[in-house]
Amino acid sequence: MTRSNKKIIHLAAFFGAIVCLSPIPFSDSIMLLPIQSLMITKLYRLHDKKLTKGLMKGIMTSMTVSVVGKSLAGNIIKLFPGIGTSLGIFINVIVAVALTEMIGLSVAEALEKNEIDNTNDLINVLGKATKLIVR
């Protein structure tokens with residue numbers, strides 16, 4: 001993995017963590033998607049791959065369910081004032097960083113190995129990456 005790949009991935013994870021500091025339930029899930037999409041776009045450009053509108057739509061579709069689902073517990077806890085808000089933020093920061101890192105590392109590795117040729121390939125890589133978080 002190149003230093004440039006790692007820089008893009010770690011920056012996206014950092015900004016994902018910042019977004020999750022929001023005490024407003026579910027606002028972080030909505031703001032995390034563009035950060036992760038931008039990360040994937042930057043990784044594609046770094047590897048001289050073209051990113052079509054269809055591919056971007058595939059990215060957003062496959063990641064929406066995953067990001068919202070993975071942060072559901074933390075967002076529900078945020079509904080309880082005080083300790084619930086703090087605990088919910090803590091949970092969502094950890095989930096956002098882990099999810100963003102796994103997505104970024106998986107996409108970068110697949111791009112380095114030239115395993116992504118179309119939207120389905122990317123969706124498969126994203127699916128595998130988000131399943132790793134559960135384990």
# chains A, B, ... in the order shown; residues from 1 in each chain; ligands from 1

$ select_by_dssp --residues "range 14-84 of chain A" --states "alpha helix (DSSP H)" --output "PyMOL selection string"
chain A and resi 14-19+27-46+53-70+72-77+83-84

$ closest_residue --among "A:Thr100, A:Thr52, A:Thr64, A:Thr85" --to "Ala12 in chain A" --atoms "only C-alpha atoms"
A:Thr100

$ atom_distance --atom1 "CA of Asn114 in chain A" --atom2 "CA of Val97 in chain A"
25.3 Å

$ closest_residue --among "A:Ile59, A:Leu51, A:Ile103, A:Met39" --to "Ile123 in chain A" --atoms "only C-alpha atoms"
A:Ile59

$ residues_around --residues "Lys57 in chain A" --least-positions-apart "4" --cutoff "12 Å" --atoms "only C-alpha atoms" --output "PyMOL selection string"
chain A and resi 33-34+37+51-53+61-64+119-120+122-123

$ closest_residue --among "A:Asn124, A:Asn92, A:Asn118, A:Thr130" --to "Lys49 in chain A" --atoms "only C-alpha atoms"
A:Asn118

$ residues_around --residues "Lys50 in chain A" --least-positions-apart "4" --cutoff "12 Å" --atoms "only C-alpha atoms" --output "VMD selection string"
chain A and resid 40 to 46 54 to 56 111 116 to 119

$ closest_residue --among "A:Asp28, A:Ile83, A:Glu109, A:Met1" --to "Ala96 in chain A" --atoms "only C-alpha atoms"
A:Asp28

$ residues_around --residues "Glu101 in chain A" --least-positions-apart "2" --cutoff "7 Å" --atoms "only C-alpha atoms" --output "VMD selection string"
chain A and resid 9 to 10 13 97 to 99 103 to 105

$ residues_around --residues "Ile89 in chain A" --least-positions-apart "5" --cutoff "9 Å" --atoms "only C-alpha atoms" --output "PyMOL selection string"
chain A and resi 20-23+74-75+77-78+84+94

$ atom_distance --atom1 "CA of Ala17 in chain A" --atom2 "CA of Ala110 in chain A"
24.4 Å

$ closest_residue --among "A:Ile76, A:Pro81, A:Ile30, A:His47" --to "Val107 in chain A" --atoms "only C-alpha atoms"
A:His47

$ atom_distance --atom1 "CA of Asn5 in chain A" --atom2 "CA of Phe90 in chain A"
26.4 Å
